[in-house]
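Novice: This is protein_10.cif, which holds mmCIF, C-alpha atoms and all ligand atoms:
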```
data_entry
#
loop_
_atom_site.label_atom_id
_atom_site.label_comp_id
_atom_site.auth_asym_id
_atom_site.auth_seq_id
_atom_site.Cartn_x
_atom_site.Cartn_y
_atom_site.Cartn_z
CA MET A 1 -15.74 -20.94 -0.98
CA ILE A 2 -15.18 -17.69 0.88
CA LYS A 3 -18.06 -15.34 0.09
CA PHE A 4 -16.95 -11.71 -0.32
CA ALA A 5 -18.70 -8.37 -0.38
CA LEU A 6 -16.85 -5.55 -2.12
CA PHE A 7 -17.13 -1.87 -1.15
CA GLY A 8 -16.18 0.46 -3.98
CA ALA A 9 -16.49 -0.18 -7.70
CA GLY A 10 -14.00 2.42 -8.87
CA PHE A 11 -10.59 1.76 -10.38
CA ILE A 12 -9.09 -0.52 -7.73
CA GLY A 13 -12.50 -1.96 -6.79
CA ASN A 14 -12.80 -3.29 -10.34
CA VAL A 15 -9.36 -4.91 -9.99
CA HIS A 16 -10.27 -6.55 -6.67
CA GLY A 17 -13.72 -7.56 -7.90
CA ARG A 18 -12.27 -9.33 -10.93
CA ASN A 19 -9.64 -11.02 -8.77
CA ILE A 20 -12.20 -12.29 -6.23
CA ALA A 21 -14.36 -13.64 -9.07
CA ALA A 22 -11.33 -15.37 -10.63
CA HIS A 23 -9.99 -16.85 -7.38
CA PRO A 24 -10.77 -20.59 -7.13
CA LYS A 25 -11.57 -20.39 -3.40
CA ALA A 26 -13.49 -17.11 -3.40
CA GLN A 27 -16.86 -15.90 -4.59
CA LEU A 28 -18.03 -12.33 -5.11
CA SER A 29 -21.50 -12.17 -3.56
CA TYR A 30 -22.18 -8.42 -3.29
CA VAL A 31 -20.91 -5.09 -4.58
CA PHE A 32 -21.77 -1.83 -2.84
CA ASP A 33 -20.91 1.61 -4.17
CA VAL A 34 -22.66 4.92 -3.49
CA ASN A 35 -22.59 5.24 -7.27
CA GLN A 36 -25.22 2.60 -8.11
CA HIS A 37 -24.29 2.64 -11.81
CA SER A 38 -20.69 1.64 -11.01
CA ALA A 39 -21.88 -1.04 -8.59
CA GLN A 40 -24.37 -2.41 -11.12
CA ALA A 41 -21.86 -2.48 -13.98
CA LEU A 42 -19.26 -4.36 -11.96
CA ALA A 43 -21.69 -6.72 -10.20
CA SER A 44 -23.47 -7.72 -13.39
CA SER A 45 -20.20 -8.34 -15.24
CA LEU A 46 -19.08 -10.73 -12.47
CA GLY A 47 -22.36 -12.45 -11.56
CA ALA A 48 -22.67 -10.73 -8.16
CA ALA A 49 -25.61 -8.93 -6.57
CA VAL A 50 -25.75 -5.20 -5.88
CA ALA A 51 -26.18 -4.35 -2.21
CA HIS A 52 -28.37 -1.29 -1.63
CA SER A 53 -26.84 -0.35 1.72
CA PRO A 54 -23.83 -1.36 3.84
CA GLU A 55 -26.31 -2.80 6.40
CA GLU A 56 -27.43 -5.34 3.80
CA ILE A 57 -23.84 -6.61 3.78
CA TRP A 58 -23.35 -6.60 7.55
CA ASN A 59 -26.56 -8.63 7.93
CA SER A 60 -25.72 -11.04 5.10
CA ASN A 61 -23.93 -14.39 5.21
CA VAL A 62 -20.74 -13.08 3.55
CA ASP A 63 -17.55 -14.43 5.12
CA ALA A 64 -15.33 -11.41 4.42
CA VAL A 65 -15.36 -7.89 2.99
CA LEU A 66 -12.96 -6.05 0.73
CA ILE A 67 -12.87 -2.26 1.20
CA ALA A 68 -11.78 -0.52 -2.00
CA SER A 69 -13.91 2.61 -1.73
CA SER A 70 -12.61 6.19 -1.41
CA THR A 71 -10.08 6.81 1.36
CA ASN A 72 -12.48 8.83 3.54
CA THR A 73 -14.79 5.79 3.87
CA HIS A 74 -12.22 3.22 5.08
CA ALA A 75 -12.34 3.95 8.82
CA ASP A 76 -16.16 3.87 9.07
CA LEU A 77 -16.37 0.66 7.01
CA LEU A 78 -13.54 -0.98 8.96
CA GLU A 79 -15.29 -0.20 12.25
CA ALA A 80 -18.59 -1.55 10.96
CA ALA A 81 -16.88 -4.73 9.70
CA ILE A 82 -15.12 -5.24 13.05
CA ARG A 83 -18.44 -4.80 14.89
CA ALA A 84 -20.09 -7.28 12.50
CA GLY A 85 -17.22 -9.76 13.03
CA LYS A 86 -16.34 -9.88 9.33
CA PRO A 87 -12.68 -10.35 8.27
CA VAL A 88 -11.47 -7.44 6.13
CA PHE A 89 -9.08 -6.81 3.26
CA CYS A 90 -8.81 -3.00 3.34
CA GLU A 91 -7.05 -0.81 0.82
CA LYS A 92 -4.53 1.62 2.20
CA PRO A 93 -4.64 4.10 3.87
CA ILE A 94 -6.73 3.36 6.97
CA ASP A 95 -7.59 7.08 7.23
CA LEU A 96 -5.71 10.33 6.66
CA ASN A 97 -6.40 11.46 10.24
CA ILE A 98 -3.97 9.63 12.50
CA GLU A 99 -6.25 9.91 15.57
CA ARG A 100 -9.01 8.24 13.56
CA VAL A 101 -6.55 5.47 12.60
CA LYS A 102 -5.72 4.89 16.27
CA GLY A 103 -9.44 4.62 17.06
CA VAL A 104 -9.86 1.87 14.45
CA VAL A 105 -6.76 0.01 15.67
CA GLN A 106 -8.03 0.17 19.27
CA LEU A 107 -11.44 -1.19 18.24
CA ALA A 108 -9.74 -4.05 16.36
CA GLN A 109 -7.63 -4.77 19.45
CA ASP A 110 -10.80 -5.00 21.57
CA HIS A 111 -12.79 -7.02 19.01
CA PRO A 112 -10.23 -8.94 16.92
CA VAL A 113 -11.06 -9.99 13.36
CA PRO A 114 -8.50 -10.86 10.64
CA ILE A 115 -7.54 -7.64 8.79
CA LEU A 116 -5.14 -7.25 5.85
CA VAL A 117 -4.08 -3.74 4.78
CA GLY A 118 -3.38 -3.46 1.04
CA PHE A 119 0.35 -2.88 0.92
CA SER A 120 0.41 -5.34 -1.95
CA ARG A 121 4.00 -4.53 -3.04
CA ARG A 122 5.10 -6.94 -0.30
CA PHE A 123 3.92 -9.72 -2.62
CA ASP A 124 6.16 -8.75 -5.54
CA ALA A 125 8.53 -11.69 -6.21
CA ASN A 126 11.58 -9.44 -6.78
CA HIS A 127 10.99 -7.39 -3.62
CA LEU A 128 10.58 -10.70 -1.74
CA GLY A 129 14.04 -11.71 -3.03
CA VAL A 130 15.50 -8.57 -1.42
CA LEU A 131 13.70 -9.31 1.84
CA GLU A 132 15.09 -12.85 1.94
CA ALA A 133 18.69 -11.77 1.23
CA VAL A 134 18.50 -9.09 3.93
CA ARG A 135 16.76 -11.15 6.60
CA SER A 136 19.05 -14.18 6.05
CA GLU A 137 22.06 -11.80 6.21
CA THR A 138 23.28 -13.17 2.86
CA ILE A 139 24.51 -9.60 2.24
CA GLY A 140 25.85 -9.35 5.79
CA LYS A 141 24.59 -6.58 8.03
CA LEU A 142 22.25 -4.11 6.30
CA GLU A 143 23.84 -0.64 6.06
CA ILE A 144 21.93 1.26 3.34
CA LEU A 145 18.50 0.52 1.88
CA HIS A 146 17.60 2.61 -1.13
CA LEU A 147 14.07 2.63 -2.56
CA THR A 148 12.99 4.48 -5.68
CA SER A 149 9.39 5.34 -6.55
CA ARG A 150 8.92 7.34 -9.74
CA GLY A 151 5.58 7.53 -11.48
CA PRO A 152 5.27 8.56 -15.14
CA THR A 153 2.80 11.45 -14.72
CA PRO A 154 1.37 13.45 -11.81
CA PRO A 155 -2.20 12.67 -10.72
CA PRO A 156 -4.89 15.32 -11.32
CA ILE A 157 -4.79 18.31 -8.95
CA SER A 158 -8.25 17.31 -7.67
CA TYR A 159 -6.66 14.04 -6.46
CA VAL A 160 -3.54 15.74 -5.07
CA LYS A 161 -5.78 17.93 -2.87
CA VAL A 162 -7.48 14.95 -1.17
CA SER A 163 -4.57 12.49 -1.22
CA GLY A 164 -2.83 13.71 1.95
CA GLY A 165 0.25 14.61 -0.11
CA GLN A 166 3.01 12.67 -1.82
CA LEU A 167 4.50 11.28 1.41
CA ARG A 168 1.17 9.95 2.75
CA ASP A 169 -0.07 8.77 -0.64
CA GLN A 170 2.90 7.52 -2.73
CA THR A 171 5.89 7.19 -0.41
CA ILE A 172 3.78 5.42 2.26
CA HIS A 173 4.12 2.14 0.32
CA PHE A 174 7.89 2.49 0.60
CA PHE A 175 7.81 3.28 4.33
CA ASP A 176 6.04 -0.07 4.67
CA LEU A 177 8.51 -1.87 2.36
CA ALA A 178 11.51 -0.36 4.19
CA CYS A 179 10.32 -1.58 7.62
CA TRP A 180 9.34 -4.96 6.22
CA ILE A 181 12.72 -5.53 4.54
CA ALA A 182 14.85 -4.09 7.34
CA GLY A 183 12.83 -5.86 10.03
CA GLU A 184 12.75 -2.68 12.11
CA ALA A 185 11.06 0.72 12.16
CA PRO A 186 12.83 4.09 12.04
CA LEU A 187 13.65 6.19 15.06
CA GLU A 188 13.88 9.41 13.08
CA VAL A 189 12.86 10.79 9.67
CA TYR A 190 14.18 13.65 7.59
CA ALA A 191 12.30 14.69 4.44
CA SER A 192 12.92 17.33 1.83
CA GLY A 193 10.93 18.01 -1.31
CA ALA A 194 9.73 20.49 -3.90
CA ALA A 195 7.24 20.89 -6.73
CA LEU A 196 9.70 20.49 -9.60
CA VAL A 197 7.24 18.85 -11.98
CA ASP A 198 4.11 20.97 -11.71
CA PRO A 199 3.87 24.35 -9.91
CA ALA A 200 0.13 23.69 -9.40
CA ILE A 201 1.09 20.81 -7.07
CA GLY A 202 3.13 23.30 -5.02
CA GLU A 203 0.20 25.74 -5.00
CA ALA A 204 -1.96 22.90 -3.66
CA GLY A 205 0.51 22.62 -0.74
CA ASP A 206 2.18 19.41 -1.90
CA VAL A 207 5.48 18.31 -3.44
CA ASP A 208 6.03 16.10 -6.48
CA THR A 209 9.71 15.32 -5.90
CA SER A 210 10.96 14.23 -2.48
CA LEU A 211 13.84 12.59 -0.67
CA VAL A 212 13.42 10.93 2.70
CA ILE A 213 16.09 9.55 5.05
CA LEU A 214 15.12 7.13 7.81
CA LYS A 215 17.50 6.32 10.67
CA MET A 216 16.94 2.77 11.84
CA PRO A 217 17.63 1.47 15.38
CA SER A 218 20.34 -0.92 14.08
CA GLY A 219 22.25 2.06 12.65
CA ALA A 220 21.22 1.32 9.04
CA PHE A 221 20.03 4.16 6.80
CA VAL A 222 17.06 4.09 4.46
CA HIS A 223 16.81 6.52 1.55
CA ILE A 224 13.60 6.86 -0.46
CA ASP A 225 13.31 9.05 -3.54
CA SER A 226 9.87 9.72 -5.00
CA SER A 227 8.91 11.57 -8.15
CA ARG A 228 5.60 12.12 -9.91
CA ARG A 229 7.11 12.37 -13.43
CA THR A 230 9.45 10.32 -15.56
CA GLY A 231 9.94 10.46 -19.28
CA TYR A 232 10.36 6.70 -19.45
CA GLY A 233 7.52 4.82 -17.69
CA TYR A 234 7.11 3.55 -14.13
CA ASP A 235 10.39 3.25 -12.27
CA GLU A 236 10.40 1.29 -9.00
CA ARG A 237 13.45 -0.44 -7.54
CA ILE A 238 15.07 -1.41 -4.28
CA GLU A 239 18.75 -1.81 -3.47
CA ALA A 240 19.96 -3.22 -0.16
CA PHE A 241 23.64 -2.66 0.55
CA GLY A 242 25.19 -4.75 3.30
CA SER A 243 28.56 -5.42 4.92
CA GLN A 244 29.13 -8.45 2.65
CA GLY A 245 27.24 -7.70 -0.55
CA LEU A 246 24.35 -6.04 -2.29
CA VAL A 247 20.94 -7.22 -3.46
CA GLU A 248 18.65 -5.45 -5.92
CA SER A 249 15.08 -5.62 -7.08
CA GLN A 250 15.83 -3.92 -10.37
CA ARG A 251 13.79 -1.82 -12.75
CA LYS A 252 11.49 -4.41 -14.28
CA PRO A 253 11.17 -4.21 -18.07
CA THR A 254 8.00 -5.23 -19.89
CA GLY A 255 9.87 -8.12 -21.53
CA GLU A 256 13.24 -9.84 -21.79
CA VAL A 257 13.84 -9.51 -25.55
CA VAL A 258 17.14 -7.87 -26.51
CA LEU A 259 17.86 -6.94 -30.11
CA TYR A 260 21.45 -6.44 -31.31
CA LYS A 261 21.77 -4.72 -34.66
CA GLY A 262 24.85 -2.98 -36.03
CA GLN A 263 26.45 -1.27 -33.07
CA GLN A 264 23.10 -0.80 -31.30
CA LYS A 265 21.43 -2.84 -28.58
CA THR A 266 17.67 -2.45 -28.01
CA SER A 267 15.66 -3.95 -25.18
CA ASN A 268 12.23 -3.55 -23.60
CA GLY A 269 11.53 -0.42 -21.59
CA LEU A 270 9.50 0.01 -18.42
CA HIS A 271 5.78 -0.43 -17.78
CA ALA A 272 3.52 2.50 -18.61
CA GLY A 273 2.42 3.00 -14.99
CA TRP A 274 2.50 1.62 -11.44
CA PHE A 275 -0.54 -0.55 -12.06
CA GLU A 276 0.93 -2.34 -15.09
CA ARG A 277 4.08 -3.06 -13.04
CA MET A 278 2.29 -4.10 -9.85
CA GLU A 279 -0.89 -5.74 -11.18
CA PRO A 280 0.07 -9.34 -10.26
CA THR A 281 0.63 -8.36 -6.61
CA PHE A 282 -3.08 -7.63 -6.10
CA MET A 283 -4.07 -11.24 -6.82
CA LEU A 284 -1.17 -12.51 -4.68
CA ALA A 285 -2.32 -10.31 -1.78
CA LEU A 286 -5.89 -11.59 -2.16
CA ASP A 287 -4.61 -15.16 -2.23
CA ALA A 288 -2.62 -14.55 0.97
CA PHE A 289 -5.79 -13.20 2.62
CA VAL A 290 -7.87 -16.19 1.50
CA CYS A 291 -5.16 -18.62 2.68
CA SER A 292 -4.97 -16.93 6.06
CA LEU A 293 -8.74 -17.23 6.50
CA GLU A 294 -8.66 -20.88 5.46
CA GLY A 295 -5.71 -21.67 7.71
CA GLN A 296 -7.04 -19.48 10.51
CA THR A 297 -3.75 -17.60 10.65
CA SER A 298 -3.30 -13.84 10.96
CA PRO A 299 -3.08 -12.07 7.60
CA TYR A 300 -0.31 -9.60 6.87
CA PRO A 301 0.38 -6.74 6.27
CA ASN A 302 -1.95 -6.13 9.20
CA LEU A 303 -3.58 -3.11 10.78
CA LEU A 304 -0.51 -2.38 12.92
CA ASP A 305 1.64 -2.35 9.76
CA GLY A 306 -0.84 0.13 8.27
CA LEU A 307 -0.66 2.29 11.41
CA GLN A 308 3.15 2.13 11.51
CA ALA A 309 3.53 3.31 7.89
CA GLN A 310 1.11 6.15 8.56
CA LEU A 311 2.97 7.27 11.71
CA ILE A 312 6.20 7.38 9.68
CA ALA A 313 4.41 9.32 6.92
CA GLU A 314 3.13 11.81 9.54
CA ALA A 315 6.66 12.36 10.86
CA ALA A 316 7.97 12.74 7.29
CA ALA A 317 5.24 15.28 6.46
CA GLN A 318 6.16 17.22 9.60
CA SER A 319 9.86 17.11 8.67
CA LEU A 320 9.01 18.41 5.20
CA GLN A 321 7.18 21.36 6.75
CA THR A 322 9.81 22.20 9.38
CA ASN A 323 12.93 21.24 7.41
CA ARG A 324 14.21 19.34 10.47
CA PRO A 325 14.59 15.67 11.40
CA VAL A 326 11.55 14.39 13.32
CA LYS A 327 11.41 11.49 15.77
CA VAL A 328 8.65 9.01 14.93
CA GLU A 329 6.09 8.80 17.74
CA TYR A 330 4.88 5.22 17.82
CA TRP A 331 1.64 4.25 19.46
CA LEU A 332 0.14 0.88 20.34
CA PRO A 333 -3.43 0.08 21.37
CA SER A 334 -3.97 -0.65 25.05
CA THR A 335 -4.69 -4.23 25.97
CA PRO A 336 -7.44 -5.04 28.48
CA ALA A 337 -6.11 -5.08 32.08
CA LEU A 338 -5.64 -8.61 33.47
CA SER A 339 -7.95 -9.28 36.40
N1 LIG A 401 -2.72 -0.43 -2.75
C1 LIG A 401 -2.59 0.35 -3.81
O1 LIG A 401 -1.58 0.35 -4.50
C2 LIG A 401 -3.77 1.22 -4.21
C3 LIG A 401 -3.92 1.58 -5.54
C4 LIG A 401 -4.99 2.36 -5.92
C5 LIG A 401 -5.90 2.80 -4.98
N2 LIG A 401 -5.72 2.46 -3.68
C6 LIG A 401 -6.68 2.95 -2.67
O2 LIG A 401 -7.97 2.43 -3.00
C7 LIG A 401 -8.98 3.39 -2.71
C8 LIG A 401 -9.84 3.64 -3.97
O3 LIG A 401 -9.01 4.14 -5.00
P1 LIG A 401 -9.54 4.21 -6.52
O4 LIG A 401 -8.37 4.64 -7.32
O5 LIG A 401 -10.24 2.95 -6.89
O6 LIG A 401 -10.60 5.41 -6.42
P2 LIG A 401 -11.88 5.63 -7.33
O7 LIG A 401 -12.25 7.06 -7.12
O8 LIG A 401 -11.67 5.14 -8.72
O9 LIG A 401 -13.01 4.70 -6.67
C9 LIG A 401 -13.56 4.94 -5.41
C10 LIG A 401 -14.99 4.40 -5.44
O10 LIG A 401 -15.51 4.45 -4.09
C11 LIG A 401 -16.88 4.79 -4.21
N3 LIG A 401 -17.38 5.25 -2.92
C12 LIG A 401 -17.31 6.48 -2.36
N4 LIG A 401 -17.89 6.48 -1.15
C13 LIG A 401 -18.33 5.21 -0.94
C14 LIG A 401 -19.02 4.58 0.13
N5 LIG A 401 -19.37 5.24 1.23
N6 LIG A 401 -19.30 3.26 0.02
C15 LIG A 401 -18.95 2.57 -1.09
N7 LIG A 401 -18.33 3.12 -2.15
C16 LIG A 401 -18.03 4.42 -2.06
C17 LIG A 401 -16.90 5.84 -5.30
O11 LIG A 401 -18.22 6.03 -5.81
C18 LIG A 401 -15.95 5.22 -6.31
O12 LIG A 401 -16.61 4.36 -7.21
C19 LIG A 401 -8.25 4.64 -2.21
O13 LIG A 401 -8.28 4.62 -0.81
C20 LIG A 401 -6.81 4.46 -2.68
O14 LIG A 401 -5.86 5.04 -1.81
C21 LIG A 401 -4.68 1.68 -3.28
#
```
Would you mind giving the structure from this file in structure tokens?
Specialist:
Amino acid sequence: MIKFALFGAGFIGNVHGRNIAAHPKAQLSYVFDVNQHSAQALASSLGAAVAHSPEEIWNSNVDAVLIASSTNTHADLLEAAIRAGKPVFCEKPIDLNIERVKGVVQLAQDHPVPILVGFSRRFDANHLGVLEAVRSETIGKLEILHLTSRGPTPPPISYVKVSGGQLRDQTIHFFDLACWIAGEAPLEVYASGAALVDPAIGEAGDVDTSLVILKMPSGAFVHIDSSRRTGYGYDERIEAFGSQGLVESQRKPTGEVVLYKGQQKTSNGLHAGWFERMEPTFMLALDAFVCSLEGQTSPYPNLLDGLQAQLIAEAAAQSLQTNRPVKVEYWLPSTPALS
């Protein structure tokens, strides 16, 4: 059994906590949240103990930690976990400050521990089907990759203000998916957007509707459209268009029942929100992490994947501000000099 400690007992912490408790090879030993009531409620419902400080966890016998606390805590907790030698499953993003992200990546390079960054969409079976058709060149050479990310309703303005903006918060998952599917990272990014859904989002300095074009080294184009409002549920899909065919991860309905009556055809609509659509991927990501620890292999998506998606998001945010294409400035940690 892999003994876990969980940081954060909010929305996604509850999801991860329940998944750890339900996983046959994992055990939830501790929950820590600065809100002791949240920690207590989750821990007691899952038979875990409440930790009263992060130090209690670093000094405990847990085998791994899962960081699902607020974004501004991830970098500090990651660094503490690395120093304690504990493998980490960390929710995205690593940190909103890119220099802080680089500091964490450098520390992990100097003191390696297995780290998985929570881009859990990579574990969706339909998205995996697109990856396989692209990587095996079943559709020939990839020419256009189109990703759509449309949520049903905007988040509260209080969240918008601390989220880093639509490109760093919502579209970042699709920067990761695009690189993962294409097998390469963009040279250049162009982003355009507006607050078409809620003027208050614009007043907060963000957009709720955006289009991003990525130019890939192979010559392929990636196009990502993101919206914070649909009138029809959560709409996520991927289309890869190649020189010999096309592969799609389509809009996924809530069911496969189709009713024909008179001249009308009725079928299931979309999930209410991103979580209902993506829920199974969180357990699959946890399982991949557990398997990697058992097999002593490196988990993925890893810290460098997390850094890469954030560097693309930074360039996209800059492009949005300047209304010009921006080259992505990649960065890698330095390796110790060979003596
Ligand atoms: N991968 C995904 O699709 C996905 C989905 C949702 C959320 N997330 C990420 O997960 C994180 C949490 O999101 P959420 O929606 O659960 O937020 P939330 O506000 O519901 O929960 C955050 C929790 O962290 C706790 N917390 C704050 N500071 C802490 C600290 N120092 N130590 C321990 N706990 C602390 C808060 O008290 C709160 O209970 C965010 O970084 C978010 O970006 C990722």
Novice: Can you build me a table of chain A residues sitting at most 9 Å from ligand LIG 401 (chain A), with the closest atom pair per residue and its distance in Å to one decimal, using all atoms listed in the file, sorted by chain and residue number, as a Markdown table?
Specialist:
```
| residue | atom | partner | partner_atom | distance |
| --- | --- | --- | --- | --- |
| A:Leu6 | CA | A:LIG401 | C15 | 8.5 |
| A:Phe7 | CA | A:LIG401 | C15 | 4.8 |
| A:Gly8 | CA | A:LIG401 | N7 | 3.9 |
| A:Ala9 | CA | A:LIG401 | O12 | 4.6 |
| A:Gly10 | CA | A:LIG401 | O9 | 3.3 |
| A:Phe11 | CA | A:LIG401 | O5 | 3.7 |
| A:Ile12 | CA | A:LIG401 | O5 | 3.8 |
| A:Gly13 | CA | A:LIG401 | O5 | 5.4 |
| A:Asn14 | CA | A:LIG401 | O5 | 7.6 |
| A:Val15 | CA | A:LIG401 | O5 | 8.5 |
| A:Val31 | CA | A:LIG401 | C15 | 8.6 |
| A:Phe32 | CA | A:LIG401 | C15 | 5.5 |
| A:Asp33 | CA | A:LIG401 | N7 | 3.6 |
| A:Val34 | CA | A:LIG401 | C16 | 4.9 |
| A:Asn35 | CA | A:LIG401 | O11 | 4.7 |
| A:Gln36 | CA | A:LIG401 | O11 | 8.1 |
| A:Ser38 | CA | A:LIG401 | O12 | 6.2 |
| A:Ala39 | CA | A:LIG401 | O12 | 7.7 |
| A:Ser53 | CA | A:LIG401 | N6 | 8.5 |
| A:Pro54 | CA | A:LIG401 | N6 | 7.5 |
| A:Ile67 | CA | A:LIG401 | C7 | 7.9 |
| A:Ala68 | CA | A:LIG401 | C7 | 4.9 |
| A:Ser69 | CA | A:LIG401 | O10 | 3.4 |
| A:Ser70 | CA | A:LIG401 | C9 | 4.3 |
| A:Thr71 | CA | A:LIG401 | O13 | 3.6 |
| A:Asn72 | CA | A:LIG401 | O13 | 7.4 |
| A:Thr73 | CA | A:LIG401 | N5 | 5.3 |
| A:His74 | CA | A:LIG401 | O13 | 7.2 |
| A:Asp76 | CA | A:LIG401 | N5 | 8.6 |
| A:Leu77 | CA | A:LIG401 | N5 | 8.0 |
| A:Cys90 | CA | A:LIG401 | O2 | 8.4 |
| A:Glu91 | CA | A:LIG401 | O2 | 5.1 |
| A:Lys92 | CA | A:LIG401 | O14 | 5.4 |
| A:Pro93 | CA | A:LIG401 | O14 | 5.9 |
| A:Ile94 | CA | A:LIG401 | O13 | 8.0 |
| A:Asp95 | CA | A:LIG401 | O13 | 8.4 |
| A:Val117 | CA | A:LIG401 | N1 | 8.3 |
| A:Gly118 | CA | A:LIG401 | N1 | 4.9 |
| A:Phe119 | CA | A:LIG401 | N1 | 5.4 |
| A:Ser120 | CA | A:LIG401 | N1 | 5.9 |
| A:Arg121 | CA | A:LIG401 | O1 | 7.6 |
| A:Tyr159 | CA | A:LIG401 | O7 | 9.0 |
| A:Ser163 | CA | A:LIG401 | O14 | 7.6 |
| A:Asp169 | CA | A:LIG401 | O14 | 7.0 |
| A:Gln170 | CA | A:LIG401 | O1 | 8.6 |
| A:His173 | CA | A:LIG401 | O1 | 7.7 |
| A:Trp274 | CA | A:LIG401 | O1 | 8.2 |
| A:Phe275 | CA | A:LIG401 | C3 | 7.6 |
| A:Met278 | CA | A:LIG401 | O1 | 8.0 |
| A:Phe282 | CA | A:LIG401 | N1 | 7.9 |
```
Novice: Padding 6 Å on each side, edges along x, y and z: where is the centre of the box around the listed atoms of range 71-89 of chain A, and how long are its edges in Å to one decimal? Output it as lines of an AutoDock Vina configuration file.
Specialist:
```
center_x = -14.6
center_y = -0.8
center_z = 8.1
size_x = 23.0
size_y = 31.2
size_z = 25.5
```
Novice: Just give me the gap between CA of Val207 in chain A and CA of Gly164 in chain A in Å, one decimal is fine.
Specialist: 10.9 Å
Novice: Just give me the gap between CA of Phe89 in chain A and CA of Lys252 in chain A in Å, one decimal is fine.
Specialist: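 These two atoms are separated by 27.1 Å.
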Novice: Taking into account all atoms listed in the file, which residue in the set A:Ala133, A:Leu246, A:Ile2, A:Met283 is nearest to Asn19 in chain A?
Specialist: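 Selected residue with least distance to Asn19 in chain A: A:Met283.
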Novice: To one decimal place, how far is CA of Gln166 in chain A from CA of Ile144 in chain A in Å?
Specialist: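 According to the coordinates, CA of Gln166 in chain A and CA of Ile144 in chain A are separated by 22.7 Å.
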Novice: Using all atoms listed in the file, which of A:Glu329, A:Asp206, A:Glu314, A:Glu55 sits nearest Val162 in chain A?
Specialist: A:Asp206
Novice: Residues at most 9 Å from Gln106 in chain A, counting all atoms listed in the file, excluding those fewer than 5 positions away in the same chain, as a PDB file with C-alpha atoms, in the coordinates of the input?
Specialist:
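Output contents, as saved in selection_38.pdb:
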```
ATOM      1  CA  VAL A 101      -6.550   5.470  12.600  1.00  0.00           C
ATOM      2  CA  HIS A 111     -12.790  -7.020  19.010  1.00  0.00           C
ATOM      3  CA  LEU A 332       0.140   0.880  20.340  1.00  0.00           C
ATOM      4  CA  PRO A 333      -3.430   0.080  21.370  1.00  0.00           C
ATOM      5  CA  SER A 334      -3.970  -0.650  25.050  1.00  0.00           C
ATOM      6  CA  THR A 335      -4.690  -4.230  25.970  1.00  0.00           C
TER       7      THR A 335
END
```
Novice: Identify which of the residues A:Asp208, A:Gln27, A:Ala75, A:Ile20 lies closest to Leu196 in chain A, counting only C-alpha atoms when measuring atom-to-atom distances.
Specialist: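 Once distances to Leu196 in chain A are computed over only C-alpha atoms, the minimum belongs to A:Asp208.
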Novice: Have a look at A:Ser249, A:Tyr190, A:Val326, A:Ile213 and name the one nearest to Leu128 in chain A; count all atoms listed in the file.
Specialist: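 Distance minimum relative to Leu128 in chain A lands on A:Ser249.
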Novice: Which is closest to Glu256 in chain A among A:Gly242, A:Gln40, A:Arg168, A:Gly269, if we use all atoms listed in the file?
Specialist: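 Of A:Gly242, A:Gln40, A:Arg168, A:Gly269, the one nearest Glu256 in chain A is A:Gly269, counting all atoms listed in the file.
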Novice: Which residues, written as a list of chain:residue names, have at least one atom at most 12 Å from Glu132 in chain A, with all atoms listed in the file counted and residues fewer than 5 positions away on the same chain left out?
Specialist: A:Arg122, A:Ala125, A:Asn126, A:His127, A:Glu137, A:Thr138, A:Ile139, A:Gly140, A:Trp180, A:Ile181, A:Ala182, A:Gly183, A:Ala240, A:Val247, A:Glu248, A:Ser249
Novice: Show me the residues around (-5.8, -0.6, 16.9) - criterion: an atom at most 12 Å away, only C-alpha atoms counted - as a ChimeraX atom specification.
Specialist: /A:75,78-79,82,94,98-113,115,302-308,331-335
Novice: Select, from A:Leu259, A:Leu286, A:Leu167, A:Leu177, the residue with the minimum atom-to-atom distance to Gln321 in chain A, counting all atoms listed in the file.
Specialist: A:Leu167
Novice: Tell me which protein, DNA and RNA residues are within 6 Å of Val65 in chain A, counting all atoms listed in the file, leaving out same-chain ones fewer than 2 positions away, and put them as a list of chain:residue names.
Specialist: A:Phe4, A:Ala5, A:Leu6, A:Val88
Novice: Which residues, written as a list in words, have at least one atom at most 12 Å from Arg324 in chain A, with only C-alpha atoms counted and residues fewer than 2 positions away on the same chain left out?
Specialist: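 Near neighbours after the sequence-gap exclusion: Glu188, Val189, Tyr190, Ala191, Ser192, Val212, Ile213, Ala315, Ala316, Ala317, Gln318, Ser319, Leu320, Gln321, Thr322, Val326 and Lys327 of chain A.
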